[in-house]
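Participant: Handing you a structure now.
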Amino acid sequence: MYSVIVVPPSCGSVADQLRISAGESIEFGRTEPSGGGLAIAHAGVPRVAGEIAAHRTFWLLSNLSEDQTYVVENPEGAGEHIKVAPGRVEAPVPFELARVTLPAAGDLLSFDVWAPRHAFRSVERRGLEGAGTVPAFALDRTKRYFAVLAALCERRLRGEPRAPLPAVEEIVERLRPSWPKVSRSAVYWNIDYLAVKLRLRPGPDTAEPGRRTHGKKESLASLALRFDLVREDDLVVLAPASSGAAR
Amino acid sequence: MSGRPYAVPVPKGYRIGPWEVREPLASGAFATVYDATRAVDDGELPRRAALKFLATGTRTPRQLHHLRDLAEREVQLLRRLRSPRLIRMYDTLAVDDPDHPELDGATVLVLERAEGSLDAVLARTPSPDAGPALLAQICEGLHQLHHAGWVHGDLKPANVLLMADGSARLADFNLAAEMEGTHAYAPAFATPDYTPPELLWPEVDERGARIRPSADVWAFGVLAHVVLTGEFPLPGGTSEARSDAATRYARGREELRLSPGLPDGWREIISDCLARTHEERTGRTAGTASLLRRVERVAGTSPAARLPRLRPYRLRRAARVGALAAVALAAATASTMYAAREDDEPTYGYHRCPVASVCFFSEPNGGGDMCSWDRNDADWLSGSDTCMWTRDGPVKSIFNNSSDDSTGLGAVAYFRGRDFTPVGEDVTRENSRNRTGCTSQRNQGNLAGTYAPLSHKWIARC
């Protein structure tokens, strides 16, 4: 599996994403580097602006610009961010989801970097030595993708195993009380990220744009329920169901 | 200690069936194993056993249905397979005890009591003298599992148990999976240090990740290295770092650097088990049967009894007529016996077919006798490769296990006559090609009717 996925600005499709695995790196700059990489076409961006290297479950950012500080923020982290000064090489970035912002001649340009291999283990001690058997999936219950997954599976978890999946609009409505800025595209974005994070085998219907998200939603919900990735107790991440939502 | 110390806490002295629970022996991610003594003497079972409690109750705080799946896998495997290198299951019980809601509904496996695990031995004495002999027995257990069409899925020192006489048995089959054609579905758990690179971050679908016997072969390679040298074969101080090293190695970024302390002969075996990909591993180890021969040779142990050719259908019939007959038959031919006790599900034998070969079977679902070829054969009944059972019986199933696209010849056509000629029904058959049949690359299935080919050849497409 790829350690780090770089999503270029205004990335339209999965094909435009750049994927690197542990030990690999890519450069980014004004023109696409010769060996492949991320081009940010803006006059204010240095020709070689920086480098992203994947390392284990996290990644390293090198700021190769002369005088600009880059900011890496956790978009879900209530302002949590790190600054990478010009010339700093291999600054470790601890966020699973990150937005890199480059100042360029008065504009702020940004692109996203995902680190889907971020793993979460139970801290419970079992009184047994030796290599432990661990679940293959590790989701962060505080992330928005988890709330999206919970909303997706809610009806089936509440005792209607055959209930149809909610439409994206319904998920948006369900999430709004706890996440006021939620939008359709944010939900789509999180569904795409979940499919990457859970390494969902691309379905045969990926070619059809209309059915694509539905197939993905259906596969995600089946997988999550089969392996108890969300349980009824987890529905607390959603606001209490109002009478409107229950109708 | 934070949290609960054991996956399933059971009070000492707790009674279940004829058993009284004693001290905990081990606790894993899903289950806790307790020592138990028999409180009621029924003269059949031994006085001591190990009780494995799996929290499968509907009223347990965690209503985990995947735990039921894991429990079911182990029960199915142990019910259906019995062999000297697999831990024995005497019975299964269900806890019916509303006063203990955390236990109510738990599944209890009554297992043969072992002295300890290989993990505990290695903690005391790294690279023990008995290592090579134990590895030969572990490999034998693996071979018995694969031969019966199962993948262990979680082979590691903690899951190898040592008996009072010092012999090793495989245990812990919660992640085991029965082959369905060329692969099985494993539940989504793994022990990263023993997981092959292709399964560290596997693609999954709704049923989980696909696993093949080559996963156990990788785990055996890691285990052999750990047992013989006391170190993992891949570098790194944590299991995450070693998983990363495994990924880099699999992508060709790094070479495998095995410990210089490996005893003679083991380096080749372990490098073959740790080949980068499933295909390479399968090619270089050529199945656990041939791996076992090599391990036994280098370990200097006496060869294990050759397993009888697996004939699921015949064994089943024997089992229906009477288990005693099956016992006598197996005991007379080999020290190993498979008791097939479940009759309702088909058993698949396609996994026996070597890679890059076409295999013909005398029974449906890859069962019965098998003949395999990697080239053309103009006459099945004479020449260097023969397939004599086809003289008297038809081919009932076929598997074209070719995966090499380089030759352009991926499909296999077969004929009733010698030298790829149509004879008899081939000629009168209502198709233009005048042949008995044709099977495309990676296809497998049962053949209806009486297919009695005498020759076959590789062709571009059917």
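By convention in this document, the chains of the structure tokens carry letters A, B, ... by their order, each chain's residues are numbered from 1, and ligands are numbered from 1 in the order they are shown.
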Apply DSSP to the backbone of this structure and, from segment 192-235 of chain B, keep only the residues in strand (DSSP E or B); write these as a list in words.
Facilitator: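 Answer for segment 192-235 of chain B, restricted to strand (DSSP E or B): Val204, Asp205, Gly208, Ala209, Arg210 and Ile211 of chain B.
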Participant: Convert the current residue selection to file output with C-alpha atoms, as a CSV table (one decimal), in the first residue's frame.
Facilitator:
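What ended up in part31.csv:
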```
chain,number,residue,atom,x,y,z
B,204,VAL,CA,-10.1,-6.0,0.3
B,205,ASP,CA,-13.6,-6.5,-0.8
B,208,GLY,CA,-12.1,-9.5,3.4
B,209,ALA,CA,-8.6,-10.1,2.0
B,210,ARG,CA,-7.7,-12.9,-0.3
B,211,ILE,CA,-5.1,-15.3,1.2
```
Participant: Which is closest to chain B among A:Gly29, A:Pro180, A:Pro9, A:Gly23, if we use only C-alpha atoms?
Facilitator: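 With only C-alpha atoms as the atom set, the closest residue is A:Gly23.
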Participant: When DSSP works through the backbone of this structure, what residues of segment 92-212 of chain B end up as helix (DSSP H, G or I), shown as a PyMOL selection string?
Facilitator: chain B and resi 118-124+131-147+157-159+192-194+197-200
Participant: Mind checking which residues fall within 12 Å of Leu109 of chain A, counting only C-alpha atoms, ignoring those fewer than 2 positions away in the same chain, and posting them as a VMD selection string?
Facilitator: chain A and resid 8 to 10 29 to 30 39 to 45 70 to 72 99 to 107 111 to 112
Participant: Fewer than 6 positions away in the same chain doesn't count, so skip those; otherwise give me all residues within 8 Å of segment 410-413 of chain B, counting only C-alpha atoms, as a list in words.
Facilitator: Val358, Asn400, Ser402, Ser403, Asp404, Arg435, Thr436, Gly437, Cys438, Thr439, Ser440, Gln441, His456, Lys457, Trp458, Ile459, Ala460, Arg461 and Cys462 of chain B
Participant: Ala115 of chain A: which residues within 10 Å, counting only C-alpha atoms, same-chain residues fewer than 6 positions away excluded, as a CSV table (one decimal) with C-alpha atoms, in the first residue's frame?
Facilitator:
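Result went into around_26.csv, see below:
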```
chain,number,residue,atom,x,y,z
A,2,TYR,CA,1.1,3.5,-0.7
A,3,SER,CA,2.2,5.4,2.4
A,4,VAL,CA,1.5,8.9,1.2
A,5,ILE,CA,-0.9,10.2,-1.4
A,6,VAL,CA,-0.5,13.8,-2.7
A,54,ALA,CA,7.2,9.0,2.7
A,55,HIS,CA,8.6,7.4,5.8
A,56,ARG,CA,6.8,4.5,7.5
A,57,THR,CA,3.3,5.8,8.4
A,58,PHE,CA,4.2,9.5,8.2
A,59,TRP,CA,5.9,11.9,5.8
A,93,VAL,CA,4.5,15.9,9.5
A,94,PRO,CA,2.3,14.0,12.0
A,95,PHE,CA,-1.1,14.5,10.5
A,96,GLU,CA,-3.1,11.8,8.8
A,97,LEU,CA,-4.7,14.4,6.6
A,98,ALA,CA,-2.8,17.6,5.9
A,197,LYS,CA,-7.8,3.9,3.8
```
